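See structure below.
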Amino acid sequence: MARFLIRRALLLIPVLWGAASLAFLGLHMVPGGIAQAILGEHATAAAVAKIEHDLGLDQPLYVQYGHFLVNSVLGRFGISFRTHDPVFTDIAAAFPYTLQLSGAALLLALIVGIPAGVVAAVRRGSWADAAISTTVLVGVSMPVFWTGLLLIILGAAKLGIFPVSGAMTAGIAVAPVTGLPILDALLTGNGPAFTDIALHLALPAVTLCLFPLAFIGQMTRSSLLEVLSEDFVRTARAKGLSERATIFRHALRAALIPVVTVVGLQLGGLLSGAILTETVFAIPGMGYLTVNAIQYRDYPVVEGVVVVTVALFVVVNLAVDFTYALVDPRVRYA
Amino acid sequence: MVRAVASALIGALTLVLVACGGGTATTGSPAASGSGAAGSATPAATSILRVAIAADPTGLDPESVLQNEAGFVTSTLYDGLTSYAPGTTNVQPGLAQSWTISPDGTKYVFTLRQGVKFSDGTPFNAQAVVSWLDRIVNKQNPNYVENQKGINDFNSFTFGDVSAYKALSDSQVEVDLSKPNAEFLADLAMAWSAVVSPAAVTKYGADVMTHPVGTGPFTFVQWVKGQYVEVKANPTYWGGKPKVDEIIFQVIPEASTRLLSLEQGKVDILADVAPQDVASLKSNAKVQVLTQPGLAVNGIELPTQTKPFTDVRVRQALNYAVDKETLNKDLYFGLATTMDSPDSPVEWSYSQQTPYTYDLAKAKQLLAAAGLPNGFQATLDTYANPRGYNPAGGAKSAEAVQADLAKAGVQVKLNQMDFNAFLSAARQSTFADMSSGGWSGDNGDPDDFMQPLFGCNAFAQGNHSHYCNPQVDALFAKGIATPDQTQRKAIYAQIESTVWQDAPWIFLNYATQVRATSSRVQGYKLNPTEMFFDMQDVSLSGS
């Protein structure tokens with residue numbers, strides 16, 4: 001187990017290095033140049049040259065790459081070209097919003113997706129199965145920015161229940177405990193803030209959950225169908241267990257192994273989906289940070305976001321691997 | 001273990017369900033719950049004006065902002081020595097009540113408004129102005145603006161010629177320029193040239209970007225990054241007490257979301273309105289659409305030093321070959337007017353020229369006279385994204401122009417690039433293609449508006465047509481050195497007429513500035529520079 005952990009942790013290094021280098025090269029190879037992008041068309045040639053010098057962009061690419069690698073290893077992603085804040089500060093401020101959104105979306109996807117998959121499998125061929133499968137298909141097919149706008153029109157404009165956008169109403173303040181606004185509001189017993197944040201979170205979370213929900217539902221259905229035809233299920237039924245116990249205690253547990261994999265993979269999808277969702281709903285998370293940074297060629301922020309996101313993705317995948325051991329006693333680590 | 005995980009999961013699910021339950025219990029009043037919570041800190045009758053902006057400001061120090069959104073906010077917090085008369089770019093007194101200019105145009109003496117204080121209580125006087133200038137101009141100043149790396153260079157644009165400054169008395173300041181700069185007073189009125197409290201600069205240093213202190217109609221409350229900036233009325237504002245208690249600049253990046261927010265009454269003013277949304281907004285009784293001709297020009301730059309564009313008949317022919325009226329109607333939804341001068345109609349220097357009215361026969365005739373009866377082939381470089389001066393985006397207007405030119409026998413190949421790559425390519429001295437061109441004015445002065453587009457030394461800035469007429473250049477030099485506005489008007493009229501005849505562009509249109517407000521907003525006036533000036537005059541009916 002320990003050896004496995006160390007091996008996987010060491011594997012992190014080349015993956016992170018590769019991703020960070022790709023981000024660095026990709027950004028620096030884009031024609032146009034950062035100084036021009038920052039200053040826009042009104043800048044004189046002298047102003048462009050000054051900014052290039054200020055930001056070290058007039059140095060050879062390998063020197064800039066060297067600085068970038070050393071700083072990345074030390075966790076210093078530099079200063080945002082645009083906001084002049086340390087990149088780490090910007091990421092730390094944005095991350096809780098993305099975590100909150102992705103977490104809420106994943107929870108919704110699990111809460112709805114797994115039962116829907118179970119119902120569809122158990123009632124295979126029924127109208128419920130057809131309805132669920134169709135909904136799943138629609139869920140997979142809808143782009144999040146479109147779903148987001150539809151939900152805003154329905155939930156905010158027509159029903160007037162939810163706010164149109166934002167993370168919380170201006171004027172609402174939450175004392176920081178964990179850094180996650182919704183959790184902090186709960187922990188500090190700030191009822192109005194909690195309600196406000198939850199209402200703001202509802203539509204984006206529903207928007208973002210549709211895709212993983214569809215996947216989880218689909219995977220639960222097909223996996224459970226496969227398991228239900230296996231010998232041990234027949235044995236369980238034969239020894240007189242109730243159908244409920246057969247499905248939930250025996251079949252579902254085995255069927256959830258591939259679902260765990262899907263959940264792990266969906267986390268990456270959640271992060272990328274969050275970019276669009278956050279933009280549509282004006283949530284100041286990692287997605288919003290990334291979009292702004294790319295728009296302004298804010299290299300340090302883009303690089304910082306890439307390194308942090310890749311690290312997260314890899315760690316989550318590692319965690320998923322460990323989860324196998326929890327749900328499947330056959331999996332052992334050597 | 002499994003059981004532990006399962007119970008943790010169930011716990012989490014319960015939490016979410018409770019959360020949803022909590023949400024449903026208070027349905028129908030998200031706005032009310034918000035203002036209720038805000039109400040714990042402020043009286044219930046607080047009138048709040050909400051402005052939707054597309055991006056988080058880059059900083060709230062006027063000397064180091066990078067985009068319009070930052071200027072939107074700072075224009076409510078600060079004042080300049082001069083200001084723009086409401087709704088125009090005509091310069092009028094601001095923090096300086098009056099001024100005198102030496103006959104050679106290099107010495108300015110400003111008489112300052114008395115009894116004005118910054119929002120931190122620091123008195124506004126000659127000393128404050130001197131420290132403010134020192135921070136911008138003096139490299140030895142510990143808080144020298146450009147010590148902060150990577151900031152915009154508007155400071156050299158406005159203050160580059162400032163050679164000396166001193167307090168003559170408590171209320172008089174002298175500012176000397178190394179050479180005459182007739183647009184100096186207009187520069188001082190820009191949102192980027194506002195006066196910052198010297199005490200705040202000493203206290204916060206570069207962090208004054210997040211702790212703005214000015215003399216403006218509103219004072220800073222808080223900036224929740226990525227979400228909103230909140231400012232509150234300055235009850236002792238020298239220009240009169242603001243009619244709303246607060247302004248909240250709400251960051252909403254997505255255009256459709258901004259639109260819905262206005263339609264739902266969640267925001268009161270939209271700072272950016274896409275032309276295609278205007279029709280639906282106009283049909284909404286709860287919304288008013290405000291328009292003003294833009295301080296902007298949009299056209300196609302012609303490579304005047306490359307054949308066959310060296311021949312003025314060819315350039316004029318292309319101007320006649322494009323149907324601008326149809327373009328304005330179809331592509332810009334009627335929110336653009338055909339150019340009839342290289343200058344914008346909102347500038348005091350504007351003088352109307354005879355328009356190049358669409359005339360295909362005349363275009364063909366001119367091409368034939370230039371020895372090109374069968375037309376020619378050329379490349380037109382462009383970009384996709386909308387710009388302030390071209391809300392339809394470069395590529396869309398370039399396609400329309402391409403179709404029109406084809407009718408005159410001119411076959412144009414479009415080369416679309418990322419905007420930044422486009423800009424870098426067009427700024428090279430070797431650039432020799434046609435290109436999408438445009439400009440938004442900064443300060444309302446004709447020099448700022450036309451020199452970067454048609455000056456011989458501006459190839460690396462806005463003059464991608466490499467147009468260089470020594471006569472025009474001499475007039476530009478004369479215009480910037482002449483302090484008297486009446487004399488300047490005559491000079492720029494000559495420039496406009498010559499450039500118009502020389503046709504270095506296919507002159508297309510002036511994009512209309514469009515903003516939308518809820519119908520309860522009263523007294524709000526657009527400014528050609530697009531900043532939120534004179535917000536003390538804005539009120540909300542029913543509050």
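Going through the structure tokens in order, the chains are called A, B, and so on, while each chain numbers its residues from 1 and the ligands are numbered from 1 in the order shown.
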
Point to revise | Neighbour list for Ser80 of chain A as a ChimeraX atom specification, cut-off 9 Å, only C-alpha atoms, skip fewer than 3 positions in-chain | key: /A:77,83-87,90,293,298-301

Take the residues just selected and output them with C-alpha atoms as a PDB file, in the first residue's frame.
ATOM      1  CA  PHE A  77       3.181  31.478  -9.548  1.00  0.00           C
ATOM      2  CA  THR A  83      -4.728  42.563 -11.031  1.00  0.00           C
ATOM      3  CA  HIS A  84      -1.205  42.818  -9.566  1.00  0.00           C
ATOM      4  CA  ASP A  85      -2.199  40.330  -6.874  1.00  0.00           C
ATOM      5  CA  PRO A  86      -0.071  37.251  -6.250  1.00  0.00           C
ATOM      6  CA  VAL A  87      -1.523  34.511  -8.454  1.00  0.00           C
ATOM      7  CA  ASP A  90      -6.289  34.988  -6.759  1.00  0.00           C
ATOM      8  CA  ALA A 293      -6.785  35.456 -17.601  1.00  0.00           C
ATOM      9  CA  ASP A 298      -2.374  36.944 -18.060  1.00  0.00           C
ATOM     10  CA  TYR A 299       0.255  34.177 -18.281  1.00  0.00           C
ATOM     11  CA  PRO A 300       1.046  33.779 -14.588  1.00  0.00           C
ATOM     12  CA  VAL A 301      -2.614  33.236 -13.731  1.00  0.00           C
TER      13      VAL A 301
END

Exercise for review: Enumerate as a PyMOL selection string the residues belonging to chain A that approach chain B to within 7 Å, with only C-alpha atoms taken into account.
Suggested key: chain A and resi 31-32+36-37+39+41-45+47+51+54-55+81-83+157+160-164+166+169-172+192+195-196+198-199+279-280+282+284+326-327

Selected residues written out, N, CA and C atoms, as a tab-separated table (two decimals), in the first residue's frame:
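Result file part18.tsv:
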chain	number	residue	atom	x	y	z
A	31	PRO	N	0.57	34.08	-31.04
A	31	PRO	CA	1.11	35.32	-31.57
A	31	PRO	C	0.44	36.54	-30.95
A	32	GLY	N	1.14	37.63	-30.96
A	32	GLY	CA	0.54	38.87	-30.47
A	32	GLY	C	1.30	39.44	-29.30
A	36	GLN	N	1.11	43.74	-25.65
A	36	GLN	CA	0.12	44.27	-26.58
A	36	GLN	C	-1.29	43.98	-26.07
A	37	ALA	N	-1.47	42.75	-25.56
A	37	ALA	CA	-2.80	42.36	-25.08
A	37	ALA	C	-3.20	43.18	-23.86
A	39	LEU	N	-2.15	46.22	-23.05
A	39	LEU	CA	-2.28	47.65	-23.32
A	39	LEU	C	-3.32	47.97	-24.38
A	41	GLU	N	-5.00	48.56	-28.27
A	41	GLU	CA	-4.57	49.21	-29.49
A	41	GLU	C	-4.10	50.65	-29.31
A	42	HIS	N	-4.41	51.26	-28.16
A	42	HIS	CA	-4.02	52.65	-27.99
A	42	HIS	C	-2.55	52.79	-27.60
A	43	ALA	N	-1.93	51.67	-27.22
A	43	ALA	CA	-0.56	51.75	-26.71
A	43	ALA	C	0.42	52.15	-27.81
A	44	THR	N	1.38	52.96	-27.44
A	44	THR	CA	2.45	53.30	-28.37
A	44	THR	C	3.48	52.17	-28.32
A	45	ALA	N	4.35	52.13	-29.32
A	45	ALA	CA	5.38	51.09	-29.36
A	45	ALA	C	6.26	51.17	-28.11
A	47	ALA	N	5.37	52.18	-25.12
A	47	ALA	CA	4.64	51.65	-23.97
A	47	ALA	C	4.69	50.12	-23.98
A	51	ILE	N	6.38	47.70	-21.00
A	51	ILE	CA	5.68	46.63	-20.29
A	51	ILE	C	6.42	45.30	-20.50
A	54	ASP	N	9.24	45.41	-18.14
A	54	ASP	CA	8.75	45.31	-16.76
A	54	ASP	C	8.45	43.86	-16.38
A	55	LEU	N	7.83	43.16	-17.30
A	55	LEU	CA	7.35	41.82	-16.99
A	55	LEU	C	8.34	40.72	-17.37
A	81	PHE	N	-0.52	39.75	-14.07
A	81	PHE	CA	-0.22	40.92	-14.89
A	81	PHE	C	-1.35	41.94	-14.82
A	82	ARG	N	-2.52	41.43	-14.53
A	82	ARG	CA	-3.70	42.25	-14.67
A	82	ARG	C	-4.12	42.87	-13.34
A	83	THR	N	-4.21	42.05	-12.30
A	83	THR	CA	-4.73	42.56	-11.03
A	83	THR	C	-3.60	42.94	-10.08
A	157	ALA	N	-36.35	34.36	-14.12
A	157	ALA	CA	-37.23	35.31	-14.82
A	157	ALA	C	-38.70	34.93	-14.66
A	160	GLY	N	-39.21	33.65	-10.65
A	160	GLY	CA	-38.76	34.67	-9.70
A	160	GLY	C	-38.28	34.12	-8.38
A	161	ILE	N	-37.96	32.81	-8.35
A	161	ILE	CA	-37.53	32.20	-7.08
A	161	ILE	C	-36.05	32.44	-6.84
A	162	PHE	N	-35.27	32.30	-7.91
A	162	PHE	CA	-33.82	32.35	-7.74
A	162	PHE	C	-33.23	33.65	-8.29
A	163	PRO	N	-32.11	34.06	-7.73
A	163	PRO	CA	-31.43	35.23	-8.29
A	163	PRO	C	-30.87	34.91	-9.67
A	164	VAL	N	-30.71	35.91	-10.51
A	164	VAL	CA	-30.24	35.69	-11.87
A	164	VAL	C	-28.78	35.23	-11.89
A	166	GLY	N	-24.55	35.66	-9.84
A	166	GLY	CA	-23.74	36.03	-8.68
A	166	GLY	C	-23.59	34.91	-7.69
A	169	THR	N	-25.78	37.91	-2.57
A	169	THR	CA	-26.26	39.28	-2.72
A	169	THR	C	-25.24	40.26	-2.15
A	170	ALA	N	-25.07	41.39	-2.83
A	170	ALA	CA	-24.16	42.43	-2.33
A	170	ALA	C	-24.61	42.85	-0.94
A	171	GLY	N	-23.66	42.93	-0.03
A	171	GLY	CA	-24.00	43.33	1.33
A	171	GLY	C	-24.00	42.16	2.29
A	172	ILE	N	-24.16	40.93	1.74
A	172	ILE	CA	-24.10	39.73	2.58
A	172	ILE	C	-22.63	39.42	2.86
A	192	PRO	N	-29.61	33.99	7.20
A	192	PRO	CA	-29.90	34.74	5.97
A	192	PRO	C	-28.82	34.53	4.91
A	195	THR	N	-29.17	30.98	3.37
A	195	THR	CA	-30.27	30.93	2.41
A	195	THR	C	-29.89	31.63	1.12
A	196	ASP	N	-29.28	32.80	1.28
A	196	ASP	CA	-28.91	33.59	0.11
A	196	ASP	C	-27.90	32.83	-0.77
A	198	ALA	N	-27.33	29.58	-0.78
A	198	ALA	CA	-27.94	28.36	-1.32
A	198	ALA	C	-28.80	28.69	-2.54
A	199	LEU	N	-29.54	29.79	-2.45
A	199	LEU	CA	-30.39	30.19	-3.59
A	199	LEU	C	-29.52	30.55	-4.80
A	279	THR	N	-19.16	31.44	-15.85
A	279	THR	CA	-19.27	32.63	-16.69
A	279	THR	C	-20.73	33.03	-16.86
A	280	VAL	N	-21.57	32.03	-17.14
A	280	VAL	CA	-22.99	32.34	-17.33
A	280	VAL	C	-23.60	32.93	-16.05
A	282	ALA	N	-22.00	34.33	-13.46
A	282	ALA	CA	-21.17	35.35	-12.80
A	282	ALA	C	-20.70	34.91	-11.42
A	284	PRO	N	-17.49	34.06	-9.17
A	284	PRO	CA	-16.07	34.38	-9.25
A	284	PRO	C	-15.15	33.22	-8.89
A	326	LEU	N	-12.35	0.42	-1.05
A	326	LEU	CA	-13.43	0.52	-0.09
A	326	LEU	C	-14.68	-0.19	-0.58
A	327	VAL	N	-14.96	-0.04	-1.87
A	327	VAL	CA	-16.21	-0.63	-2.37
A	327	VAL	C	-16.02	-2.04	-2.90

Exercise for review: Tell me which protein, DNA and RNA residues are within 8 Å of Glu278 of chain A, counting only C-alpha atoms, leaving out same-chain ones fewer than 4 positions away, and put them as a list in words.
Suggested key: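 Listed by chain and then number, they are Pro204, Ala274, Ala282, Ile283, Pro284, Gly285, Gly287 and Tyr288 of chain A.
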
File of the preceding selection, N, CA and C atoms, as a PDB file, in the first residue's frame:
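Listing of part.pdb after writing:
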ATOM      1  N   PRO A 204     -26.894  27.267 -10.789  1.00  0.00           N
ATOM      2  CA  PRO A 204     -25.629  26.785 -11.360  1.00  0.00           C
ATOM      3  C   PRO A 204     -25.343  25.326 -11.024  1.00  0.00           C
ATOM      4  N   ALA A 274     -17.411  23.880 -15.101  1.00  0.00           N
ATOM      5  CA  ALA A 274     -17.526  25.024 -14.191  1.00  0.00           C
ATOM      6  C   ALA A 274     -17.087  26.311 -14.875  1.00  0.00           C
ATOM      7  N   ALA A 282     -22.002  34.325 -13.463  1.00  0.00           N
ATOM      8  CA  ALA A 282     -21.168  35.348 -12.804  1.00  0.00           C
ATOM      9  C   ALA A 282     -20.704  34.906 -11.425  1.00  0.00           C
ATOM     10  N   ILE A 283     -20.127  33.718 -11.365  1.00  0.00           N
ATOM     11  CA  ILE A 283     -19.587  33.219 -10.097  1.00  0.00           C
ATOM     12  C   ILE A 283     -18.066  33.374 -10.145  1.00  0.00           C
ATOM     13  N   PRO A 284     -17.494  34.060  -9.171  1.00  0.00           N
ATOM     14  CA  PRO A 284     -16.070  34.384  -9.251  1.00  0.00           C
ATOM     15  C   PRO A 284     -15.153  33.219  -8.893  1.00  0.00           C
ATOM     16  N   GLY A 285     -15.317  32.093  -9.561  1.00  0.00           N
ATOM     17  CA  GLY A 285     -14.501  30.911  -9.270  1.00  0.00           C
ATOM     18  C   GLY A 285     -13.331  30.775 -10.219  1.00  0.00           C
ATOM     19  N   GLY A 287     -13.099  29.122 -12.948  1.00  0.00           N
ATOM     20  CA  GLY A 287     -13.461  29.240 -14.360  1.00  0.00           C
ATOM     21  C   GLY A 287     -13.446  30.684 -14.805  1.00  0.00           C
ATOM     22  N   TYR A 288     -14.060  31.512 -13.986  1.00  0.00           N
ATOM     23  CA  TYR A 288     -14.116  32.941 -14.291  1.00  0.00           C
ATOM     24  C   TYR A 288     -12.701  33.514 -14.322  1.00  0.00           C
TER      25      TYR A 288
END

Exercise for review: Skip segment 350-353 of chain B itself and residues of its chain fewer than 4 positions away, then list as a VMD selection string all residues within 12 Å of it, counting only C-alpha atoms.
Suggested key: chain B and resid 295 338 to 346 357 444 to 447 449 to 450 488 to 501 503 507

**Study point:** Contacts of Pro143 of chain A at 12 Å (only C-alpha atoms; same-chain gap of 2+ positions) as a list in words
**Key:**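 Close residues of Pro143 of chain A: Val138, Gly139, Val140, Ser141, Phe145, Trp146, Thr147, Gly148, Leu149, Leu150, Thr207, Leu208, Cys209, Leu210, Phe211, Ser272, Gly273, Ala274, Leu276, Thr277 and Val280 of chain A.
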
**Study point:** Neighbour list for Ser83 of chain B as a list in words, cut-off 6 Å, only C-alpha atoms, skip fewer than 2 positions in-chain
**Key:**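 Once the nearby chain positions are removed, what remains is Val91, Gln92, Pro93, Gly94 and Ala189 of chain B.
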
Let me see the file: selected residues, C-alpha atoms, as a short mmCIF file (atom, residue, chain, number, x, y, z; two decimals), in the first residue's frame.
data_model
loop_
_atom_site.label_atom_id
_atom_site.label_comp_id
_atom_site.auth_asym_id
_atom_site.auth_seq_id
_atom_site.Cartn_x
_atom_site.Cartn_y
_atom_site.Cartn_z
CA VAL B 91 -13.88 70.82 -21.02
CA GLN B 92 -15.22 72.73 -18.03
CA PRO B 93 -13.92 73.44 -14.51
CA GLY B 94 -13.59 70.53 -12.12
CA ALA B 189 -10.73 65.57 -17.42
#

Exercise for review: Find the spatial neighbours of Glu226 of chain A, counting only C-alpha atoms, within a cut-off of 12 Å - ignore same-chain residues fewer than 4 positions away - and output them as a list in words.
Suggested key: Val118, Ala121, Val122, Arg124, Met219, Thr220, Arg221, Ser222, Glu230, Asp231, Phe232, Val233, Ala251, Leu252, Ala254, Ala255, Leu256 and Pro258 of chain A

Could those residues be written to a file, using C-alpha atoms, as a short mmCIF file (atom, residue, chain, number, x, y, z; two decimals), in the first residue's frame?
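The result, written out as again.cif:
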data_model
loop_
_atom_site.label_atom_id
_atom_site.label_comp_id
_atom_site.auth_asym_id
_atom_site.auth_seq_id
_atom_site.Cartn_x
_atom_site.Cartn_y
_atom_site.Cartn_z
CA VAL A 118 -31.41 1.72 -10.09
CA ALA A 121 -32.41 -1.11 -14.24
CA VAL A 122 -34.94 -2.75 -11.94
CA ARG A 124 -36.09 -2.33 -17.28
CA MET A 219 -23.57 3.73 -15.75
CA THR A 220 -25.56 2.63 -12.70
CA ARG A 221 -28.27 1.23 -14.95
CA SER A 222 -26.03 -0.80 -17.23
CA GLU A 230 -24.96 -12.90 -12.09
CA ASP A 231 -24.96 -16.07 -10.05
CA PHE A 232 -24.61 -14.52 -6.63
CA VAL A 233 -27.74 -12.48 -7.16
CA ALA A 251 -26.16 -6.16 -6.34
CA LEU A 252 -25.84 -2.40 -6.03
CA ALA A 254 -20.97 -4.62 -6.80
CA ALA A 255 -22.55 -2.46 -9.49
CA LEU A 256 -21.15 0.74 -7.99
CA PRO A 258 -17.61 1.24 -12.36
#

Practice item. Identify, with DSSP run on backbone atoms, the residues in segment 11-111 of chain A assigned to helix (DSSP H, G or I), and express the list as a ChimeraX atom specification. Key: /A:11-29,34-39,45-54,61-73,87-111

Keeping only C-alpha atoms, write the selected residues as a short mmCIF file (atom, residue, chain, number, x, y, z; two decimals), in the first residue's frame.
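Dumped to again-v4.cif:
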data_model
loop_
_atom_site.label_atom_id
_atom_site.label_comp_id
_atom_site.auth_asym_id
_atom_site.auth_seq_id
_atom_site.Cartn_x
_atom_site.Cartn_y
_atom_site.Cartn_z
CA LEU A 11 4.20 9.79 -11.06
CA LEU A 12 2.59 13.11 -10.20
CA ILE A 13 5.83 14.92 -10.95
CA PRO A 14 6.18 14.18 -14.68
CA VAL A 15 2.46 14.69 -15.20
CA LEU A 16 2.55 18.10 -13.54
CA TRP A 17 5.75 19.06 -15.32
CA GLY A 18 4.31 18.06 -18.68
CA ALA A 19 1.05 19.91 -18.17
CA ALA A 20 2.71 23.04 -16.84
CA SER A 21 5.25 23.08 -19.69
CA LEU A 22 2.50 22.67 -22.26
CA ALA A 23 0.62 25.57 -20.71
CA PHE A 24 3.77 27.68 -20.71
CA LEU A 25 4.66 26.91 -24.30
CA GLY A 26 1.10 27.17 -25.56
CA LEU A 27 0.68 30.61 -24.08
CA HIS A 28 4.03 31.93 -25.20
CA MET A 29 3.60 30.61 -28.73
CA ILE A 34 1.21 39.82 -23.69
CA ALA A 35 2.22 43.49 -23.52
CA GLN A 36 0.12 44.27 -26.58
CA ALA A 37 -2.80 42.36 -25.08
CA ILE A 38 -2.57 44.22 -21.79
CA LEU A 39 -2.28 47.65 -23.32
CA ALA A 45 5.38 51.09 -29.36
CA ALA A 46 7.35 52.59 -26.45
CA ALA A 47 4.64 51.65 -23.97
CA VAL A 48 4.58 48.08 -25.30
CA ALA A 49 8.38 47.84 -24.97
CA LYS A 50 8.24 49.19 -21.40
CA ILE A 51 5.68 46.63 -20.29
CA GLU A 52 7.62 43.81 -21.97
CA HIS A 53 10.66 44.86 -20.03
CA ASP A 54 8.75 45.31 -16.76
CA LEU A 61 12.11 32.05 -23.82
CA TYR A 62 14.35 29.51 -22.05
CA VAL A 63 15.17 32.04 -19.33
CA GLN A 64 11.48 32.74 -18.82
CA TYR A 65 10.82 28.98 -18.80
CA GLY A 66 13.55 28.48 -16.19
CA HIS A 67 12.02 31.14 -13.94
CA PHE A 68 8.63 29.63 -14.46
CA LEU A 69 9.77 26.11 -13.47
CA VAL A 70 11.65 27.24 -10.38
CA ASN A 71 8.78 29.42 -9.24
CA SER A 72 6.21 26.70 -9.89
CA VAL A 73 8.16 24.22 -7.78
CA VAL A 87 -1.52 34.51 -8.45
CA PHE A 88 -1.79 32.24 -5.46
CA THR A 89 -4.03 34.79 -3.72
CA ASP A 90 -6.29 34.99 -6.76
CA ILE A 91 -6.52 31.20 -6.98
CA ALA A 92 -7.12 30.85 -3.26
CA ALA A 93 -9.94 33.40 -3.49
CA ALA A 94 -11.54 31.72 -6.50
CA PHE A 95 -11.12 28.08 -5.58
CA PRO A 96 -13.74 27.85 -2.81
CA TYR A 97 -16.45 29.01 -5.21
CA THR A 98 -15.54 26.33 -7.72
CA LEU A 99 -15.26 23.68 -5.03
CA GLN A 100 -18.63 24.69 -3.65
CA LEU A 101 -20.23 24.61 -7.09
CA SER A 102 -18.62 21.35 -8.22
CA GLY A 103 -19.33 19.73 -4.86
CA ALA A 104 -22.98 20.71 -4.93
CA ALA A 105 -23.28 19.56 -8.56
CA LEU A 106 -21.64 16.21 -7.82
CA LEU A 107 -23.83 15.62 -4.79
CA LEU A 108 -26.94 16.38 -6.82
CA ALA A 109 -25.70 14.09 -9.57
CA LEU A 110 -25.17 11.24 -7.08
CA ILE A 111 -28.42 11.77 -5.20
#

How close does each residue of segment 187-299 of chain B get to segment 120-124 of chain B, giving the shortest atom pair and distance in Å to one decimal for every residue with an atom at most 9 Å away, counting only C-alpha atoms, sorted by chain and residue number, as CSV?
residue,atom,partner,partner_atom,distance
B:Ser197,CA,B:Thr122,CA,6.9
B:Pro198,CA,B:Thr122,CA,7.9
B:Ala199,CA,B:Thr122,CA,6.7
B:Ala200,CA,B:Asp120,CA,7.7
B:Val213,CA,B:Asp120,CA,6.6
B:Gly214,CA,B:Asp120,CA,8.1
B:Thr215,CA,B:Phe124,CA,8.0

Check your understanding: Please, which residues of segment 298-418 of chain B, numbered as in this document, come out strand (DSSP E or B) from DSSP, as a PyMOL selection string?
Key -> chain B and resi 298-301+336-338+377-383+387+390+411-417

Kindly save the residues from that selection, with N, CA and C atoms included, as a short mmCIF file (atom, residue, chain, number, x, y, z; two decimals), in the first residue's frame.
data_model
loop_
_atom_site.label_atom_id
_atom_site.label_comp_id
_atom_site.auth_asym_id
_atom_site.auth_seq_id
_atom_site.Cartn_x
_atom_site.Cartn_y
_atom_site.Cartn_z
N ASN B 298 -14.97 53.61 -37.46
CA ASN B 298 -14.78 52.24 -37.89
C ASN B 298 -14.67 52.21 -39.40
N GLY B 299 -13.65 51.54 -39.90
CA GLY B 299 -13.49 51.47 -41.35
C GLY B 299 -12.52 50.38 -41.77
N ILE B 300 -12.13 50.44 -43.03
CA ILE B 300 -11.14 49.50 -43.56
C ILE B 300 -9.92 50.33 -43.93
N GLU B 301 -8.79 50.01 -43.36
CA GLU B 301 -7.57 50.76 -43.67
C GLU B 301 -6.97 50.22 -44.97
N ALA B 336 -25.55 52.53 -35.98
CA ALA B 336 -24.31 53.11 -36.49
C ALA B 336 -24.72 54.11 -37.56
N THR B 337 -23.95 55.18 -37.70
CA THR B 337 -24.23 56.15 -38.75
C THR B 337 -23.03 56.26 -39.68
N THR B 338 -23.32 56.52 -40.94
CA THR B 338 -22.26 56.56 -41.94
C THR B 338 -21.28 57.70 -41.65
N GLN B 377 -6.92 42.19 -57.11
CA GLN B 377 -7.06 41.29 -55.96
C GLN B 377 -6.29 41.85 -54.77
N ALA B 378 -6.80 41.62 -53.57
CA ALA B 378 -6.10 42.11 -52.38
C ALA B 378 -6.47 41.24 -51.18
N THR B 379 -5.69 41.37 -50.12
CA THR B 379 -5.97 40.63 -48.88
C THR B 379 -6.42 41.63 -47.82
N LEU B 380 -7.44 41.22 -47.08
CA LEU B 380 -7.96 42.07 -46.00
C LEU B 380 -7.79 41.33 -44.69
N ASP B 381 -6.94 41.85 -43.80
CA ASP B 381 -6.72 41.21 -42.50
C ASP B 381 -7.76 41.70 -41.51
N THR B 382 -8.28 40.77 -40.72
CA THR B 382 -9.32 41.16 -39.78
C THR B 382 -9.31 40.25 -38.55
N TYR B 383 -10.23 40.50 -37.63
CA TYR B 383 -10.33 39.75 -36.37
C TYR B 383 -11.81 39.51 -36.14
N ARG B 387 -15.59 45.10 -31.10
CA ARG B 387 -14.82 46.15 -30.43
C ARG B 387 -15.79 47.29 -30.12
N ASN B 390 -16.63 48.85 -33.17
CA ASN B 390 -17.20 47.95 -34.16
C ASN B 390 -17.92 46.80 -33.48
N GLN B 411 -11.48 41.67 -55.94
CA GLN B 411 -11.60 40.39 -55.25
C GLN B 411 -10.75 40.44 -53.98
N VAL B 412 -11.44 40.38 -52.84
CA VAL B 412 -10.73 40.50 -51.57
C VAL B 412 -10.71 39.16 -50.86
N LYS B 413 -9.53 38.76 -50.44
CA LYS B 413 -9.38 37.53 -49.65
C LYS B 413 -9.31 37.93 -48.19
N LEU B 414 -10.15 37.31 -47.35
CA LEU B 414 -10.14 37.66 -45.92
C LEU B 414 -9.14 36.80 -45.18
N ASN B 415 -8.42 37.43 -44.26
CA ASN B 415 -7.46 36.70 -43.43
C ASN B 415 -7.81 37.02 -41.99
N GLN B 416 -8.53 36.10 -41.34
CA GLN B 416 -9.01 36.38 -39.99
C GLN B 416 -8.03 35.87 -38.93
N MET B 417 -7.77 36.71 -37.95
CA MET B 417 -6.82 36.35 -36.88
C MET B 417 -7.42 36.65 -35.52
#
